[in-house]
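Chemist: My questions all concern the structure below.
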Amino acid sequence: MKPIHKSAKLNHVLYDVRGPIVDAARQMEDEGQKIIKLNIGNLASFGFDAPEEIQQDMIRNLPNSAGYSDSKGIFAARKAVMHYSQQQGVAGVTLDDIYLGNGASDLIVMATTALLDDGDELLVPAPDYPLWTASASLAGGRPVHYQCDEDDGWMPSLDDIRSKITPRTRGIVVINPNNPTGALYSDELLRAIVQIARENELVIFADEVYDKVLYDGARHTALASLSTDVLTLTFNSLSKAYRSCGYRAGWMVVSGDKSAARDYIEGLNMLANIKLGSNVPGQWAIQTALGGYQSINDLVREGGRLSRQRDLAYELVTQIPGVTCVKPQAALYMFPRLDPQVYPIEDDRQFFMEVLRATRVMLVQGSGFNYPDHQHFRIVFLPHEDDLREAIGRLADFLALYRQRRAKAVLVA
């Protein structure tokens with residue numbers, strides 16, 4: 001039989017958060033080995049339970065969940081999102097501007113598909129959450145990565161953003177709080193990005209899934225609250241702040257000047273109609289989550305579990321010779337750097353495959369987040385403190401052996 005090949009649209013699609021290293025780890029688990037997973041922000045795997053009131057509300061509404069909802073979602077959930085947007089200071093949002101999806105991921109793919117023609121460009125941060133790069137490619141567009149500056153706390157480089165804009169640029173993605181770096185952007189920086197979008201007539205895609213996962217009293221500003229004229233699509237979900245990844249409940253809010261975007265919005269409506277609507281039981285959780293007790297605050301405050309684990313992971317990682325890291329202000333991740341003078345890595349995927357096989361600790365290499373060097377990796381600090389100590393201790397031992405082998409090789413040379 002003639003070989004059946006995958007679509008050429010997948011040639012530039014990367015999702016190493018669940019990639020070859022995960023496949024190798026699964027095989028090792030099948031052989032009976034225990035893997036410590038620092039690769040994915042799946043909170044339920046680490047004992048973070050969804051709030052009980054959310055669970056109970058879903059259970060009570062299951063009898064009402066057998067049919068399709070409106071293609072944009074159920075009224076109660078969309079109204080709750082509308083009120084939440086108003087609380088954030090986003091002007092002019094109505095029920096018609098809100099779309100519910102199977103997580104934010106579903107809506108990201110929908111929004112990029114509706115916007116990009118073949119060859120159109122979408123500005124995406126580097127490092128990024130790789131779904132943004134993948135969805136731009138799948139839509140037929142070209143993801144163009146602008147640099148976030150590690151020396152400036154992983155803030156986006158405004159000069160680099162400006163230098164990457166061409167006549168084919170249609171939009172810019174802003175991930176704030178940031179995955180994978182844990183950076184939180186200042187209002188001044190956000191306003192500058194809005195101004196660049198305004199001057200170049202770009203659509204802003206604001207990925208704000210971690211807007212409540214903030215440490216040390218930090219405050220998040222919704223990007224859409226900073227303008228009424230720039231078309232902005234804001235993405236959020238219950239997955240992280242409400243520990244409900246598996247409920248697949250997310251939303252997208254369209255704000256700014258919608259008068260010039262009628263055709264684009266018609267495209268969004270068309271795609272929403274085609275998919276018939278998202279998971280209905282998960283939608284019932286949204287109103288209760290947004291309007292109820294915000295238990296995430298207990299986890300991120302000083303002494304809370306997430307805050308303690310962030311501090312511990314940062315302390316342990318930065319004690320390893322040749323490893324530096326910007327301390328995250330938000331989210332569930334940090335993005336350490338291996339000094340290339342100490343660890344001259346040519347292939348970071350292969351390197352962290354070796355880490356997995358030697359230590360049984362699963363990490364994701366920096367190139368999995370479309371970062372151009374081979375010196376970075378992402379750590380998820382969700383495991384309990386004992387597991388974090390064990391995992392980072394194994395990594396430290398592996399890197400110590402690496403340094404010893406390299407020192408011997410240099411002597412022999």
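Note on naming: chains are A, B, ... as they come in the structure tokens, residues start from 1 per chain, ligands start from 1 in the order shown.
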Please, which residues in stretch 87-200 of chain A fall within 10 Å of stretch 205-212 of chain A when counting only C-alpha atoms, and what is the closest atom pair and distance in Å to one decimal for each, ordered by chain then residue number, as a tab-separated table?
Modeler:
residue	atom	partner	partner_atom	distance
A:Gly103	CA	A:Val209	CA	9.9
A:Ala104	CA	A:Val209	CA	7.8
A:Ile108	CA	A:Phe205	CA	8.6
A:Ala111	CA	A:Phe205	CA	8.7
A:Thr112	CA	A:Phe205	CA	9.2
A:Leu122	CA	A:Phe205	CA	9.8
A:Leu123	CA	A:Phe205	CA	9.7
A:Val124	CA	A:Phe205	CA	9.6
A:Tyr129	CA	A:Asp207	CA	9.5
A:Trp132	CA	A:Asp207	CA	9.6
A:Gly171	CA	A:Phe205	CA	7.2
A:Ile172	CA	A:Phe205	CA	6.1
A:Val173	CA	A:Phe205	CA	4.7
A:Val174	CA	A:Ala206	CA	5.0
A:Ile175	CA	A:Asp207	CA	4.7
A:Asn176	CA	A:Glu208	CA	5.4
A:Pro177	CA	A:Tyr210	CA	5.6
A:Asn178	CA	A:Tyr210	CA	7.7
A:Asn179	CA	A:Tyr210	CA	8.4
A:Gly182	CA	A:Tyr210	CA	9.3
A:Leu184	CA	A:Asp211	CA	9.2
Chemist: Stretch 33-139 of chain A: which residues are helix (DSSP H, G or I) by DSSP, as a count of residues only?
Modeler: 55
Chemist: Find the spatial neighbours of stretch 59-74 of chain A, counting only C-alpha atoms, within a cut-off of 12 Å - ignore same-chain residues fewer than 5 positions away - and output them as number ranges by chain.
Modeler: A: 52-54, 79-81, 95-102, 107, 249-253, 268-288
Chemist: Which residue, A:Asp348, A:Asp216, A:Asp257, A:Asp397, has the smallest gap to A:Asp311 when you use only C-alpha atoms?
Modeler: A:Asp216
Chemist: Select, from A:Leu214, A:Ala358, A:Met155, A:Val144, the residue with the minimum atom-to-atom distance to A:Thr181, counting only C-alpha atoms.
Modeler: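 Ranking A:Leu214, A:Ala358, A:Met155, A:Val144 by distance to A:Thr181, first place goes to A:Met155.
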Chemist: I'd like to know which of A:Gln341, A:Gln309, A:Thr324, A:Gln86 is closest to A:His376, using only C-alpha atoms.
Modeler: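 Selected residue with least distance to A:His376: A:Thr324.
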Chemist: Using only C-alpha atoms, which residue out of A:Lys327, A:Lys408, A:Lys37, A:Arg170 lies closest to A:Ile21?
Modeler: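 Counting only C-alpha atoms, the residue closest to A:Ile21 is A:Lys37.
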Chemist: Of the residues A:Ile204, A:Leu401, A:Cys325, A:Ala289, which is the one nearest to A:Gly256, using only C-alpha atoms?
Modeler: A:Ile204
Chemist: Tell me which of A:Val109, A:Ile296, A:Ala261, A:Met362 sits closest to A:Ser239, counting only C-alpha atoms.
Modeler: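 Using only C-alpha atoms, the shortest distance to A:Ser239 belongs to A:Ile296.
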Chemist: Quick one: everything within 12 Å of A:Met28, counting only C-alpha atoms, minus sequence neighbours fewer than 4 positions away in the same chain. Send it as a PyMOL selection string.
Modeler: chain A and resi 21-24+32-36+353+356-362
Chemist: Using the selection just defined, write its residues with N, CA, C and O atoms as a PDB file, in the first residue's frame.
Modeler:
ATOM      1  N   ILE A  21       9.716  12.953  24.754  1.00  0.00           N
ATOM      2  CA  ILE A  21      10.169  12.660  26.116  1.00  0.00           C
ATOM      3  C   ILE A  21       9.026  12.048  26.928  1.00  0.00           C
ATOM      4  O   ILE A  21       9.238  11.129  27.723  1.00  0.00           O
ATOM      5  N   VAL A  22       7.809  12.542  26.718  1.00  0.00           N
ATOM      6  CA  VAL A  22       6.650  11.970  27.409  1.00  0.00           C
ATOM      7  C   VAL A  22       6.424  10.535  26.951  1.00  0.00           C
ATOM      8  O   VAL A  22       6.115   9.651  27.760  1.00  0.00           O
ATOM      9  N   ASP A  23       6.598  10.267  25.663  1.00  0.00           N
ATOM     10  CA  ASP A  23       6.442   8.899  25.159  1.00  0.00           C
ATOM     11  C   ASP A  23       7.464   7.961  25.800  1.00  0.00           C
ATOM     12  O   ASP A  23       7.140   6.824  26.184  1.00  0.00           O
ATOM     13  N   ALA A  24       8.710   8.437  25.923  1.00  0.00           N
ATOM     14  CA  ALA A  24       9.743   7.615  26.558  1.00  0.00           C
ATOM     15  C   ALA A  24       9.422   7.375  28.031  1.00  0.00           C
ATOM     16  O   ALA A  24       9.623   6.264  28.553  1.00  0.00           O
ATOM     17  N   GLY A  32       7.636  -0.379  34.870  1.00  0.00           N
ATOM     18  CA  GLY A  32       7.590  -0.390  36.323  1.00  0.00           C
ATOM     19  C   GLY A  32       8.387   0.696  37.009  1.00  0.00           C
ATOM     20  O   GLY A  32       8.470   0.715  38.243  1.00  0.00           O
ATOM     21  N   GLN A  33       8.963   1.633  36.244  1.00  0.00           N
ATOM     22  CA  GLN A  33       9.726   2.710  36.852  1.00  0.00           C
ATOM     23  C   GLN A  33       8.798   3.861  37.248  1.00  0.00           C
ATOM     24  O   GLN A  33       7.826   4.141  36.561  1.00  0.00           O
ATOM     25  N   LYS A  34       9.120   4.520  38.353  1.00  0.00           N
ATOM     26  CA  LYS A  34       8.330   5.659  38.815  1.00  0.00           C
ATOM     27  C   LYS A  34       8.971   6.948  38.321  1.00  0.00           C
ATOM     28  O   LYS A  34      10.139   7.216  38.579  1.00  0.00           O
ATOM     29  N   ILE A  35       8.184   7.748  37.598  1.00  0.00           N
ATOM     30  CA  ILE A  35       8.675   8.989  37.009  1.00  0.00           C
ATOM     31  C   ILE A  35       8.143  10.181  37.808  1.00  0.00           C
ATOM     32  O   ILE A  35       6.959  10.224  38.145  1.00  0.00           O
ATOM     33  N   ILE A  36       9.022  11.126  38.120  1.00  0.00           N
ATOM     34  CA  ILE A  36       8.585  12.390  38.713  1.00  0.00           C
ATOM     35  C   ILE A  36       8.365  13.368  37.565  1.00  0.00           C
ATOM     36  O   ILE A  36       9.296  13.668  36.815  1.00  0.00           O
ATOM     37  N   MET A 353      16.267  14.054  27.269  1.00  0.00           N
ATOM     38  CA  MET A 353      15.956  12.636  27.174  1.00  0.00           C
ATOM     39  C   MET A 353      16.952  11.855  28.036  1.00  0.00           C
ATOM     40  O   MET A 353      16.575  10.908  28.751  1.00  0.00           O
ATOM     41  N   LEU A 356      15.996  12.275  31.641  1.00  0.00           N
ATOM     42  CA  LEU A 356      14.891  11.384  31.989  1.00  0.00           C
ATOM     43  C   LEU A 356      15.386   9.966  32.249  1.00  0.00           C
ATOM     44  O   LEU A 356      15.048   9.351  33.270  1.00  0.00           O
ATOM     45  N   ARG A 357      16.185   9.426  31.350  1.00  0.00           N
ATOM     46  CA  ARG A 357      16.616   8.032  31.475  1.00  0.00           C
ATOM     47  C   ARG A 357      17.534   7.837  32.678  1.00  0.00           C
ATOM     48  O   ARG A 357      17.502   6.791  33.329  1.00  0.00           O
ATOM     49  N   ALA A 358      18.339   8.850  32.996  1.00  0.00           N
ATOM     50  CA  ALA A 358      19.287   8.718  34.107  1.00  0.00           C
ATOM     51  C   ALA A 358      18.651   8.996  35.460  1.00  0.00           C
ATOM     52  O   ALA A 358      19.058   8.418  36.475  1.00  0.00           O
ATOM     53  N   THR A 359      17.652   9.885  35.508  1.00  0.00           N
ATOM     54  CA  THR A 359      17.127  10.356  36.796  1.00  0.00           C
ATOM     55  C   THR A 359      15.674   9.991  37.042  1.00  0.00           C
ATOM     56  O   THR A 359      15.188  10.107  38.162  1.00  0.00           O
ATOM     57  N   ARG A 360      14.956   9.618  35.972  1.00  0.00           N
ATOM     58  CA  ARG A 360      13.509   9.378  36.032  1.00  0.00           C
ATOM     59  C   ARG A 360      12.757  10.659  36.436  1.00  0.00           C
ATOM     60  O   ARG A 360      11.735  10.606  37.113  1.00  0.00           O
ATOM     61  N   VAL A 361      13.293  11.789  36.004  1.00  0.00           N
ATOM     62  CA  VAL A 361      12.645  13.093  36.171  1.00  0.00           C
ATOM     63  C   VAL A 361      12.340  13.639  34.776  1.00  0.00           C
ATOM     64  O   VAL A 361      13.233  13.716  33.928  1.00  0.00           O
ATOM     65  N   MET A 362      11.090  14.002  34.554  1.00  0.00           N
ATOM     66  CA  MET A 362      10.665  14.460  33.232  1.00  0.00           C
ATOM     67  C   MET A 362      10.556  15.983  33.209  1.00  0.00           C
ATOM     68  O   MET A 362       9.797  16.575  33.983  1.00  0.00           O
TER      69      MET A 362
END
Chemist: If I take atom CA of A:Ala44 and atom CA of A:Leu223, how far is one from the other in Å, to one decimal?
Modeler: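 Between atom CA of A:Ala44 and atom CA of A:Leu223 the gap works out to 28.9 Å.
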Chemist: At what distance in Å, to one decimal, does atom CA of A:Asp386 lie from atom CA of A:Ala25?
Modeler: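 Those two atoms sit 20.7 Å apart.
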Chemist: Can you tell me, as a CSV table (one decimal) with C-alpha atoms, in the first residue's frame, what residues are no more than 10 Å from A:His83 when counting only C-alpha atoms, ignoring any on the same chain fewer than 6 positions away?
Modeler:
chain,number,residue,atom,x,y,z
A,77,ALA,CA,-21.8,31.2,32.3
A,89,GLY,CA,-12.2,47.3,33.7
A,90,VAL,CA,-12.9,46.0,30.1
A,93,VAL,CA,-18.4,43.8,26.6
A,94,THR,CA,-21.9,42.3,25.9
A,95,LEU,CA,-23.1,38.7,26.0
A,287,GLN,CA,-20.7,30.9,37.1
A,290,LEU,CA,-16.1,33.2,39.1
A,291,GLY,CA,-18.7,34.2,41.6
Chemist: I want to know what sits within 8 Å of stretch 371-374 of chain A, based on only C-alpha atoms, with residues of the same chain fewer than 3 positions away left out; could you give that as a list of chain:residue names?
Modeler: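 Those residues are A:Ala126, A:Pro127, A:Asp128, A:Ile345, A:Glu346, A:Asp347, A:Asp348, A:Gln365, A:Gly366, A:Ser367, A:Gly368.
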Chemist: Restricting the output to N, CA, C and O atoms, write the selected residues as a compact mmCIF listing (two decimals), in the first residue's frame.
Modeler:
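And here's result27.txt as it stands now:
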# COMPACT_ATOMS: atom_id res chain seq x y z
N ALA A 126 8.72 34.51 22.20
CA ALA A 126 9.69 33.43 22.38
C ALA A 126 10.41 33.67 23.70
O ALA A 126 11.04 34.71 23.85
N PRO A 127 10.27 32.75 24.66
CA PRO A 127 9.55 31.48 24.57
C PRO A 127 8.04 31.70 24.58
O PRO A 127 7.55 32.72 25.03
N ASP A 128 7.32 30.66 24.08
CA ASP A 128 5.87 30.76 23.99
C ASP A 128 5.21 29.54 24.62
O ASP A 128 5.88 28.57 24.97
N ILE A 345 25.43 22.45 25.32
CA ILE A 345 24.43 21.51 24.80
C ILE A 345 24.14 21.83 23.33
O ILE A 345 23.81 22.97 23.00
N GLU A 346 24.24 20.83 22.48
CA GLU A 346 23.94 21.02 21.07
C GLU A 346 22.51 20.65 20.72
O GLU A 346 21.92 21.21 19.80
N ASP A 347 21.94 19.69 21.44
CA ASP A 347 20.59 19.22 21.17
C ASP A 347 19.87 19.09 22.50
O ASP A 347 20.08 18.12 23.24
N ASP A 348 19.03 20.08 22.85
CA ASP A 348 18.45 20.07 24.19
C ASP A 348 17.39 18.98 24.35
O ASP A 348 17.20 18.45 25.45
N GLN A 365 12.43 20.63 27.44
CA GLN A 365 13.53 21.47 26.98
C GLN A 365 13.02 22.79 26.43
O GLN A 365 11.88 22.89 25.97
N GLY A 366 13.88 23.80 26.44
CA GLY A 366 13.49 25.14 26.01
C GLY A 366 13.04 25.23 24.58
O GLY A 366 12.15 26.02 24.23
N SER A 367 13.63 24.41 23.68
CA SER A 367 13.20 24.46 22.29
C SER A 367 11.76 23.99 22.13
O SER A 367 11.11 24.31 21.12
N GLY A 368 11.23 23.25 23.11
CA GLY A 368 9.83 22.87 23.08
C GLY A 368 8.89 24.05 23.24
O GLY A 368 7.68 23.92 23.00
Chemist: So which residues of stretch 150-342 of chain A fall under strand (DSSP E or B) by DSSP, listed as a ChimeraX atom specification?
Modeler: /A:155-156,169-175,203-207,214,232-237,250-255,323-324,330,333-334,337-338
Chemist: Hey, what's within 12 Å of A:Ala192 if we count only C-alpha atoms and toss same-chain stuff fewer than 3 positions away? As an NGL selection string, please?
Modeler: :A and (156-159 or 161-162 or 185-189 or 195-199 or 223 or 226-227)
